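Enquirer: Next up is a structure, given as structure tokens.
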Amino acid sequence: MKALVVGGAGYIGSHMVRMLSRAGHQVAVMDNFSTGHAEAIEGYRLYRGDLLAPADIDRALADYRPDLVMHFAARSMVAESMAEPMLYHHNNAFGVLNLLDSMRRHDVSRLMFSSTAAVYGVPIKRRIEEDHPTAPINPYGWSKLFAEHMIHDHCRAYGLRAVVLRYFNAAGADESGEIGESHVPETHLIPSILRAAAAAGAEQPRVKLFGNDYDTRDGYAVRDFIHVTDLCEAHLLAAQALSRTDLPDYQLYNLGNGQGFSVLEVLNAAQEIIGRKVETEICARRPGDPPVLVADASRARAVLGWAPKTHSLQEIVESAWRWHRAQRY
């Protein structure tokens with residue numbers, strides 16, 4: 001299989017690139033490096049380009065002629081989407097439309113799309129399955145839901161075959177310790193804690209914890225954390241599912257552990273692994289953050305034969321800490 005990984009220099013994308021390569025597939029990367037890291041994809045075929053520039057997409061598809069496109073190129077910060085919604089409308093919706101148009105022009109008929117649990121909004125059930133109502137409460141979630149609808153329409157009208165994977169919270173790092181999670185600015189919980197702890201020789205920054213007054217067991221927001229390697233393995237299985245004639249042209253799966261950990265529980269687990277206290281600051285809730293997001297991923301288990309191998313929060317955090325202690329970028 002020849003895969004073009006769009007956004008392959010980012011956190012999840014770079015893990016996917018390496019897993020594809022280790023599995024014996026040909027892989028190339030397209031990235032605009034607005035948030036990705038060149039160090040994460042050294043040695044891989046690269047097309048520098050932007051989904052908002054159709055000519056960039058055309059050039060990559062015409063030259064590489066992939067069997068499958070994997071999309072990891074979204075903006076994904078909830079707070080930023082509340083402050084700058086047009087960034088999300090353009091990149092996450094119009095960028096996907098440009099990609100779909102270019103794939104039609106170049107007869108590339110298979111797509112894997114990374115979506116998000118943010119499409120569900122505030123859950124009405126303890127665990128969220130794929131037919132849970134979609135009612136996003138932030139522009140990030142709306143931009144992803146709109147992209148999902150466009151992909152579904154293209155499957156119905158133009159012969160596209162696509163898998164949409166709704167992520168919950170990816171975390172951790174692969175066994176190599178060479179790549180990990182790093183954003184500027186850093187807004188994700190686990191890397192924020194670990195980056196603060198790894199700030200050697202300088203006054204450690206306080207980690208901001210947004211809201212301790214949610215209607216949860218300890219007042220902090222609850223999230224489902226899935227190891228990034230488990231997430232990528234689900235993509236490999238989903239790629240195989242695109243070739244199955246017994247499955248529809250448009251497939252949708254949740255990917256999560258099915259366990260909910262509160263922000264405070266994550267902090268405590270990280271401090272135990274690090275071996276010292278991390279200074280924190282309790283802040284007001286961030287607009288657009290739901291109190292609880294926990295996956296029901298039974299469809300992926302039943303159809304794809306996928307199950308996460310890493311269930312322990314401690315294992316997830318420990319793998320991320322190994323990378324942060326030897327951080328290269």
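For the structure tokens, the naming scheme is as follows: chains receive sequential letters (A, B, ...) according to their order of presentation, residues are indexed from 1 within each chain, and ligands are indexed from 1 in presentation order.
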What are the closest atom pairs, with distances in Å to one decimal, for all residues of segment 200-237 of chain A lying within 12 Å of segment 150-174 of chain A? Consider only C-alpha atoms, order rows by chain and residue number, and present the result as JSON lines.
Expert:
{"residue": "A:Val222", "atom": "CA", "partner": "A:Asn169", "partner_atom": "CA", "distance": 10.7}
{"residue": "A:Arg223", "atom": "CA", "partner": "A:Asn169", "partner_atom": "CA", "distance": 7.0}
{"residue": "A:Asp224", "atom": "CA", "partner": "A:Asn169", "partner_atom": "CA", "distance": 5.9}
{"residue": "A:Phe225", "atom": "CA", "partner": "A:Asn169", "partner_atom": "CA", "distance": 4.6}
{"residue": "A:Ile226", "atom": "CA", "partner": "A:Ala170", "partner_atom": "CA", "distance": 5.0}
{"residue": "A:His227", "atom": "CA", "partner": "A:Ala171", "partner_atom": "CA", "distance": 5.1}
{"residue": "A:Val228", "atom": "CA", "partner": "A:Ala170", "partner_atom": "CA", "distance": 5.3}
{"residue": "A:Thr229", "atom": "CA", "partner": "A:Asp174", "partner_atom": "CA", "distance": 6.2}
{"residue": "A:Asp230", "atom": "CA", "partner": "A:Ala170", "partner_atom": "CA", "distance": 9.1}
{"residue": "A:Leu231", "atom": "CA", "partner": "A:Ala170", "partner_atom": "CA", "distance": 7.3}
{"residue": "A:Cys232", "atom": "CA", "partner": "A:Ala170", "partner_atom": "CA", "distance": 10.0}
{"residue": "A:Glu233", "atom": "CA", "partner": "A:Asp174", "partner_atom": "CA", "distance": 11.7}
{"residue": "A:Ala234", "atom": "CA", "partner": "A:Leu165", "partner_atom": "CA", "distance": 8.9}
{"residue": "A:His235", "atom": "CA", "partner": "A:Leu165", "partner_atom": "CA", "distance": 8.2}
{"residue": "A:Leu236", "atom": "CA", "partner": "A:Val163", "partner_atom": "CA", "distance": 11.2}
{"residue": "A:Leu237", "atom": "CA", "partner": "A:Val163", "partner_atom": "CA", "distance": 10.6}
Enquirer: Could you please take those selected residues and save C-alpha atoms as a PDB file, in the first residue's frame?
Expert:
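Okay, selection37.pdb is ready:
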ATOM      1  CA  VAL A 222     -13.096  13.605  32.881  1.00  0.00           C
ATOM      2  CA  ARG A 223     -11.496  12.358  29.667  1.00  0.00           C
ATOM      3  CA  ASP A 224     -10.774   9.039  27.939  1.00  0.00           C
ATOM      4  CA  PHE A 225      -7.050   8.696  27.194  1.00  0.00           C
ATOM      5  CA  ILE A 226      -5.848   6.297  24.497  1.00  0.00           C
ATOM      6  CA  HIS A 227      -2.211   5.462  23.792  1.00  0.00           C
ATOM      7  CA  VAL A 228      -1.057   6.861  20.456  1.00  0.00           C
ATOM      8  CA  THR A 229       0.286   3.457  19.365  1.00  0.00           C
ATOM      9  CA  ASP A 230      -3.112   1.852  19.954  1.00  0.00           C
ATOM     10  CA  LEU A 231      -4.656   4.652  17.925  1.00  0.00           C
ATOM     11  CA  CYS A 232      -2.310   4.053  15.000  1.00  0.00           C
ATOM     12  CA  GLU A 233      -2.885   0.305  15.088  1.00  0.00           C
ATOM     13  CA  ALA A 234      -6.599   1.006  14.663  1.00  0.00           C
ATOM     14  CA  HIS A 235      -5.722   2.943  11.506  1.00  0.00           C
ATOM     15  CA  LEU A 236      -3.892  -0.041  10.036  1.00  0.00           C
ATOM     16  CA  LEU A 237      -6.918  -2.239  10.650  1.00  0.00           C
TER      17      LEU A 237
END
Enquirer: Could you please write out, as a PyMOL selection string, every residue of segment 214-270 of chain A that DSSP assigns to helix (DSSP H, G or I)?
Expert: chain A and resi 228-241+263-270
Enquirer: Need to verify the contact set: Gly13 of chain A, 10 Å, only C-alpha atoms, exclusion of same-chain residues closer than 4 positions in sequence. Can you return it as a ChimeraX atom specification?
Expert: /A:5-9,17-19,29,31,36,40-41,70-73,114,228,232
Enquirer: Can you pull out the residues contacting Ala3 of chain A? Cut-off 9 Å, using only C-alpha atoms, and skip same-chain residues under 6 positions away; I want them as JSON, numbers by chain.
Expert: {"A": [17, 20, 25, 26, 27, 28, 29, 65, 66, 67, 68, 69, 70]}
Enquirer: Can I get the selection written as a compact mmCIF listing (two decimals), in the first residue's frame, with all heavy atoms?
Expert:
# COMPACT_ATOMS: atom_id res chain seq x y z
N VAL A 17 3.20 7.48 10.44
CA VAL A 17 4.20 7.32 9.39
C VAL A 17 5.15 6.18 9.74
O VAL A 17 5.45 5.30 8.92
CB VAL A 17 4.98 8.64 9.19
CG1 VAL A 17 6.25 8.41 8.38
CG2 VAL A 17 4.09 9.67 8.50
N LEU A 20 3.35 2.69 9.64
CA LEU A 20 3.16 2.25 8.26
C LEU A 20 4.46 1.70 7.68
O LEU A 20 4.47 0.65 7.04
CB LEU A 20 2.66 3.41 7.41
CG LEU A 20 1.21 3.83 7.57
CD1 LEU A 20 0.99 5.22 6.98
CD2 LEU A 20 0.28 2.82 6.89
N HIS A 25 4.69 -0.84 4.40
CA HIS A 25 3.99 -0.01 3.42
C HIS A 25 4.88 1.14 2.96
O HIS A 25 5.76 1.60 3.69
CB HIS A 25 2.70 0.55 4.03
CG HIS A 25 1.74 -0.51 4.49
ND1 HIS A 25 1.13 -1.39 3.61
CD2 HIS A 25 1.31 -0.86 5.73
CE1 HIS A 25 0.35 -2.21 4.29
NE2 HIS A 25 0.44 -1.92 5.57
N GLN A 26 4.62 1.62 1.75
CA GLN A 26 5.27 2.83 1.27
C GLN A 26 4.53 4.03 1.86
O GLN A 26 3.31 4.04 1.92
CB GLN A 26 5.22 2.90 -0.25
CG GLN A 26 5.97 1.79 -0.97
CD GLN A 26 5.88 1.94 -2.47
OE1 GLN A 26 6.29 2.96 -3.02
NE2 GLN A 26 5.35 0.93 -3.14
N VAL A 27 5.29 5.04 2.26
CA VAL A 27 4.65 6.17 2.92
C VAL A 27 5.35 7.47 2.54
O VAL A 27 6.58 7.52 2.41
CB VAL A 27 4.64 5.97 4.45
CG1 VAL A 27 6.04 5.80 5.01
CG2 VAL A 27 3.93 7.11 5.16
N ALA A 28 4.56 8.49 2.33
CA ALA A 28 5.05 9.84 2.09
C ALA A 28 4.25 10.80 2.96
O ALA A 28 3.13 10.49 3.39
CB ALA A 28 4.95 10.22 0.62
N VAL A 29 4.83 11.97 3.19
CA VAL A 29 4.22 12.96 4.08
C VAL A 29 3.95 14.23 3.30
O VAL A 29 4.76 14.67 2.49
CB VAL A 29 5.17 13.27 5.26
CG1 VAL A 29 4.64 14.43 6.10
CG2 VAL A 29 5.38 12.04 6.11
N ARG A 65 0.97 9.44 -6.36
CA ARG A 65 -0.09 8.52 -6.77
C ARG A 65 -0.39 7.49 -5.67
O ARG A 65 -0.21 6.27 -5.87
CB ARG A 65 0.26 7.83 -8.09
CG ARG A 65 0.52 8.80 -9.24
CD ARG A 65 0.71 8.10 -10.55
NE ARG A 65 -0.50 7.38 -10.95
CZ ARG A 65 -1.54 7.96 -11.54
NH1 ARG A 65 -1.53 9.26 -11.80
NH2 ARG A 65 -2.60 7.22 -11.87
N PRO A 66 -0.87 7.95 -4.52
CA PRO A 66 -1.11 7.03 -3.41
C PRO A 66 -2.36 6.18 -3.61
O PRO A 66 -3.28 6.54 -4.35
CB PRO A 66 -1.30 7.98 -2.23
CG PRO A 66 -1.88 9.21 -2.85
CD PRO A 66 -1.19 9.35 -4.18
N ASP A 67 -2.39 5.05 -2.92
CA ASP A 67 -3.61 4.25 -2.85
C ASP A 67 -4.57 4.79 -1.80
O ASP A 67 -5.78 4.60 -1.90
CB ASP A 67 -3.27 2.80 -2.46
CG ASP A 67 -2.24 2.18 -3.38
OD1 ASP A 67 -2.46 2.23 -4.60
OD2 ASP A 67 -1.23 1.66 -2.88
N LEU A 68 -4.01 5.44 -0.79
CA LEU A 68 -4.77 5.88 0.37
C LEU A 68 -4.22 7.21 0.86
O LEU A 68 -3.00 7.39 0.91
CB LEU A 68 -4.66 4.83 1.49
CG LEU A 68 -5.18 5.21 2.88
CD1 LEU A 68 -6.69 5.35 2.88
CD2 LEU A 68 -4.74 4.16 3.91
N VAL A 69 -5.12 8.11 1.22
CA VAL A 69 -4.74 9.35 1.88
C VAL A 69 -5.20 9.28 3.33
O VAL A 69 -6.35 8.92 3.62
CB VAL A 69 -5.36 10.58 1.19
CG1 VAL A 69 -5.08 11.85 2.01
CG2 VAL A 69 -4.82 10.73 -0.22
N MET A 70 -4.30 9.62 4.24
CA MET A 70 -4.64 9.71 5.66
C MET A 70 -4.57 11.18 6.08
O MET A 70 -3.53 11.82 5.89
CB MET A 70 -3.69 8.88 6.51
CG MET A 70 -3.82 7.39 6.31
SD MET A 70 -2.72 6.50 7.47
CE MET A 70 -3.34 4.82 7.30
Enquirer: Please provide as a short mmCIF file (atom, residue, chain, number, x, y, z; two decimals) with N, CA and C atoms, in the first residue's frame all residues within 8 Å of segment 43-57 of chain A, with the sequence filter that same-chain residues fewer than 4 positions apart are discarded (counting only C-alpha atoms).
Expert:
data_model
loop_
_atom_site.label_atom_id
_atom_site.label_comp_id
_atom_site.auth_asym_id
_atom_site.auth_seq_id
_atom_site.Cartn_x
_atom_site.Cartn_y
_atom_site.Cartn_z
N VAL A 27 5.29 5.04 2.26
CA VAL A 27 4.65 6.17 2.92
C VAL A 27 5.35 7.47 2.54
N ALA A 28 4.56 8.49 2.33
CA ALA A 28 5.05 9.84 2.09
C ALA A 28 4.25 10.80 2.96
N VAL A 29 4.83 11.97 3.19
CA VAL A 29 4.22 12.96 4.08
C VAL A 29 3.95 14.23 3.30
N MET A 30 2.77 14.82 3.57
CA MET A 30 2.49 16.19 3.14
C MET A 30 2.21 17.01 4.40
N ASP A 31 2.90 18.13 4.55
CA ASP A 31 2.74 18.95 5.75
C ASP A 31 3.14 20.39 5.45
N ASN A 32 2.45 21.33 6.11
CA ASN A 32 2.84 22.74 5.94
C ASN A 32 3.70 23.24 7.10
N PHE A 33 3.94 22.38 8.09
CA PHE A 33 4.78 22.66 9.25
C PHE A 33 4.31 23.86 10.07
N LEU A 61 -0.37 14.54 -5.08
CA LEU A 61 -1.12 13.37 -5.57
C LEU A 61 -0.65 12.95 -6.96
N HIS A 90 -11.75 27.49 7.95
CA HIS A 90 -10.89 27.40 6.77
C HIS A 90 -10.10 26.09 6.75
N ASN A 91 -9.31 25.85 7.79
CA ASN A 91 -8.40 24.71 7.76
C ASN A 91 -9.14 23.37 7.83
N PHE A 94 -12.74 23.82 4.84
CA PHE A 94 -12.38 24.13 3.46
C PHE A 94 -11.16 23.33 3.02
N GLY A 95 -10.20 23.11 3.94
CA GLY A 95 -9.03 22.31 3.58
C GLY A 95 -9.41 20.89 3.20
N VAL A 96 -10.37 20.32 3.92
CA VAL A 96 -10.84 18.96 3.58
C VAL A 96 -11.56 18.96 2.24
N ASN A 98 -10.95 20.92 -0.29
CA ASN A 98 -9.90 20.97 -1.31
C ASN A 98 -9.27 19.60 -1.51
N LEU A 99 -9.05 18.88 -0.42
CA LEU A 99 -8.46 17.54 -0.52
C LEU A 99 -9.39 16.60 -1.27
N SER A 102 -9.33 17.38 -4.99
CA SER A 102 -8.09 16.94 -5.63
C SER A 102 -8.05 15.42 -5.76
#
Enquirer: DSSP on the backbone: which residues in segment 73-266 of chain A end up as strand (DSSP E or B)? Give the answer as a VMD selection string.
Expert: chain A and resid 110 to 116 128 161 to 167 169 to 171 207 to 210 222 to 223 225 to 227 250 to 255 261 to 262
Enquirer: Give the answer as one residue: which of A:Trp323, A:Tyr64, A:Tyr88, A:Phe261 has the shortest atom-to-atom distance to Val108 of chain A, using only C-alpha atoms?
Expert: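 Among the listed residues, the smallest separation from Val108 of chain A belongs to A:Tyr64.
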Enquirer: Between A:Glu279, A:Asp246, A:Asp63, A:Glu178, which has the minimum distance to Arg195 of chain A (counting only C-alpha atoms)?
Expert: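 Ranking A:Glu279, A:Asp246, A:Asp63, A:Glu178 by distance to Arg195 of chain A, first place goes to A:Glu279.
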